[in-house]
file run19.pdb (PDB, C-alpha atoms, pLDDT in the B column)
MODEL        1
ATOM      1  CA  ALA X   1       0.000   0.000   0.000  1.00 54.00           C
ATOM      2  CA  LEU X   2       1.145   3.496  -0.749  1.00 60.00           C
ATOM      3  CA  PRO X   3       1.034   6.113   2.009  1.00 62.00           C
ATOM      4  CA  THR X   4      -1.696   8.403   0.654  1.00 64.00           C
ATOM      5  CA  ALA X   5      -5.408   8.930   1.028  1.00 68.00           C
ATOM      6  CA  ASP X   6      -5.969   9.796  -2.642  1.00 64.00           C
ATOM      7  CA  PRO X   7      -9.369   9.014  -4.118  1.00 65.00           C
ATOM      8  CA  GLY X   8      -9.261   6.431  -6.866  1.00 65.00           C
ATOM      9  CA  GLY X   9      -6.635   3.798  -7.380  1.00 72.00           C
ATOM     10  CA  TRP X  10      -3.015   3.686  -8.368  1.00 75.00           C
ATOM     11  CA  GLU X  11      -3.092   3.029 -12.090  1.00 77.00           C
ATOM     12  CA  ALA X  12       0.405   2.838 -13.535  1.00 80.00           C
ATOM     13  CA  VAL X  13       4.103   2.921 -12.850  1.00 81.00           C
ATOM     14  CA  VAL X  14       5.562   5.688 -15.016  1.00 82.00           C
ATOM     15  CA  ASP X  15       9.196   4.677 -14.776  1.00 79.00           C
ATOM     16  CA  VAL X  16      10.789   1.496 -13.426  1.00 79.00           C
ATOM     17  CA  PRO X  17      13.916   2.481 -11.517  1.00 83.00           C
ATOM     18  CA  ASP X  18      17.060   0.500 -10.866  1.00 85.00           C
ATOM     19  CA  LEU X  19      15.844  -1.503  -7.874  1.00 82.00           C
ATOM     20  CA  THR X  20      19.408  -1.964  -6.590  1.00 85.00           C
ATOM     21  CA  ALA X  21      20.277   1.756  -6.532  1.00 86.00           C
ATOM     22  CA  PRO X  22      20.356   3.383  -3.098  1.00 87.00           C
ATOM     23  CA  GLY X  23      17.591   5.993  -2.776  1.00 85.00           C
ATOM     24  CA  ALA X  24      15.740   4.686  -5.842  1.00 88.00           C
ATOM     25  CA  LYS X  25      12.274   6.148  -6.379  1.00 88.00           C
ATOM     26  CA  VAL X  26       9.285   5.019  -8.416  1.00 86.00           C
ATOM     27  CA  GLN X  27       6.719   7.323 -10.027  1.00 87.00           C
ATOM     28  CA  VAL X  28       3.071   6.203 -10.074  1.00 86.00           C
ATOM     29  CA  ILE X  29      -0.138   7.862 -11.272  1.00 85.00           C
ATOM     30  CA  THR X  30      -3.711   7.648 -10.011  1.00 82.00           C
ATOM     31  CA  ASP X  31      -6.924   6.875 -11.829  1.00 79.00           C
ATOM     32  CA  ALA X  32      -9.708   8.762 -10.050  1.00 80.00           C
ATOM     33  CA  GLY X  33     -12.343   8.245 -12.773  1.00 83.00           C
ATOM     34  CA  SER X  34     -14.769   6.527 -10.410  1.00 84.00           C
ATOM     35  CA  ALA X  35     -14.126   8.883  -7.492  1.00 84.00           C
ATOM     36  CA  ASP X  36     -16.678  11.440  -6.340  1.00 88.00           C
ATOM     37  CA  LEU X  37     -14.154  14.273  -6.109  1.00 85.00           C
ATOM     38  CA  TYR X  38     -16.592  17.030  -5.139  1.00 91.00           C
ATOM     39  CA  GLY X  39     -19.110  15.167  -2.962  1.00 92.00           C
ATOM     40  CA  ASP X  40     -21.986  15.720  -5.389  1.00 94.00           C
ATOM     41  CA  GLY X  41     -22.522  12.097  -6.459  1.00 94.00           C
ATOM     42  CA  THR X  42     -20.868  12.566  -9.884  1.00 93.00           C
ATOM     43  CA  GLU X  43     -18.003  10.268 -10.866  1.00 91.00           C
ATOM     44  CA  ALA X  44     -14.951  12.197 -12.054  1.00 88.00           C
ATOM     45  CA  LYS X  45     -15.112  10.653 -15.536  1.00 89.00           C
ATOM     46  CA  GLU X  46     -18.634  12.114 -15.949  1.00 93.00           C
ATOM     47  CA  LEU X  47     -17.703  15.703 -15.038  1.00 92.00           C
ATOM     48  CA  PRO X  48     -18.598  18.166 -17.826  1.00 92.00           C
ATOM     49  CA  HIS X  49     -15.290  20.083 -17.852  1.00 92.00           C
ATOM     50  CA  ALA X  50     -11.880  18.481 -18.318  1.00 87.00           C
ATOM     51  CA  GLU X  51     -10.283  20.943 -15.899  1.00 88.00           C
ATOM     52  CA  TRP X  52     -12.492  19.563 -13.077  1.00 87.00           C
ATOM     53  CA  LYS X  53     -11.107  16.054 -13.540  1.00 84.00           C
ATOM     54  CA  LYS X  54      -8.001  15.133 -11.565  1.00 81.00           C
ATOM     55  CA  SER X  55      -5.137  12.718 -11.626  1.00 79.00           C
ATOM     56  CA  ARG X  56      -1.956  12.673  -9.652  1.00 81.00           C
ATOM     57  CA  ALA X  57       1.598  11.568 -10.301  1.00 84.00           C
ATOM     58  CA  VAL X  58       3.794  10.987  -7.258  1.00 84.00           C
ATOM     59  CA  TRP X  59       7.331   9.807  -6.584  1.00 86.00           C
ATOM     60  CA  PHE X  60       7.783   7.298  -3.761  1.00 84.00           C
ATOM     61  CA  PRO X  61      11.098   6.034  -2.360  1.00 85.00           C
ATOM     62  CA  LEU X  62      11.613   2.302  -2.640  1.00 81.00           C
ATOM     63  CA  GLY X  63      12.631   0.245   0.311  1.00 71.00           C
ATOM     64  CA  SER X  64      11.292  -1.539   3.297  1.00 55.00           C
TER
ENDMDL
END
call {"tool": "encode", "arguments": {"input": "run19.pdb", "output": "structure tokens"}}
result
Amino acid sequence: ALPTADPGGWEAVVDVPDLTAPGAKVQVITDAGSADLYGDGTEAKELPHAEWKKSRAVWFPLGS
């Protein structure tokens, strides 16, 4: 599990790092298409304006 409370689910790994490198990080993006981002009962993918839809890309450090 990733340490966030983002709506939606983690969708993709953008870049696969060298897993043996100290301090390696991985970038992932969210898919919030099914999330009710504004509390009005509308799924994000059904919002009428593209600028109201959201996604997020985040870097996380790898390790235990």
call {"tool": "closest_residue", "arguments": {"input": "run19.pdb", "among": "X:Tyr38, X:Asp31, X:Ala21, X:Val14", "to": "Arg56 in chain X", "atoms": "all atoms listed in the file"}}
result
X:Asp31
call {"tool": "atom_distance", "arguments": {"input": "run19.pdb", "atom1": "CA of Val58 in chain X", "atom2": "CA of Ala44 in chain X"}}
result
19.4 Å
call {"tool": "resolve_selection", "arguments": {"input": "run19.pdb", "expression": "the PyMOL selection byres ((chain X and resi 10-12) around 8)", "output": "PyMOL selection string"}}
result
chain X and resi 8-9+13-14+28-31
call {"tool": "write_last_selection", "arguments": {"input": "run19.pdb", "atoms": "C-alpha atoms", "output": "mmCIF file, in the frame of the given file"}}
result
data_model
loop_
_atom_site.group_PDB
_atom_site.id
_atom_site.type_symbol
_atom_site.label_atom_id
_atom_site.label_comp_id
_atom_site.auth_asym_id
_atom_site.auth_seq_id
_atom_site.Cartn_x
_atom_site.Cartn_y
_atom_site.Cartn_z
ATOM 1 C CA GLY X 8 -9.261 6.431 -6.866
ATOM 2 C CA GLY X 9 -6.635 3.798 -7.380
ATOM 3 C CA VAL X 13 4.103 2.921 -12.850
ATOM 4 C CA VAL X 14 5.562 5.688 -15.016
ATOM 5 C CA VAL X 28 3.071 6.203 -10.074
ATOM 6 C CA ILE X 29 -0.138 7.862 -11.272
ATOM 7 C CA THR X 30 -3.711 7.648 -10.011
ATOM 8 C CA ASP X 31 -6.924 6.875 -11.829
#
call {"tool": "closest_residue", "arguments": {"input": "run19.pdb", "among": "X:Thr20, X:Thr42, X:Ala35, X:Asp15", "to": "Trp59 in chain X", "atoms": "all atoms listed in the file"}}
result
X:Asp15
call {"tool": "atom_distance", "arguments": {"input": "run19.pdb", "atom1": "CA of Gly23 in chain X", "atom2": "CA of Pro61 in chain X"}}
result
6.5 Å
call {"tool": "atom_distance", "arguments": {"input": "run19.pdb", "atom1": "CA of Gly33 in chain X", "atom2": "CA of Ala57 in chain X"}}
result
14.5 Å
call {"tool": "closest_residue", "arguments": {"input": "run19.pdb", "among": "X:Ala24, X:Gly39, X:Pro17, X:Ala32", "to": "Lys53 in chain X", "atoms": "only C-alpha atoms"}}
result
X:Ala32
call {"tool": "closest_residue", "arguments": {"input": "run19.pdb", "among": "X:His49, X:Ser55, X:Leu62, X:Leu37", "to": "Asp18 in chain X", "atoms": "all atoms listed in the file"}}
result
X:Leu62
call {"tool": "closest_residue", "arguments": {"input": "run19.pdb", "among": "X:Asp40, X:Phe60, X:Trp52, X:Glu46", "to": "Gln27 in chain X", "atoms": "all atoms listed in the file"}}
result
X:Phe60
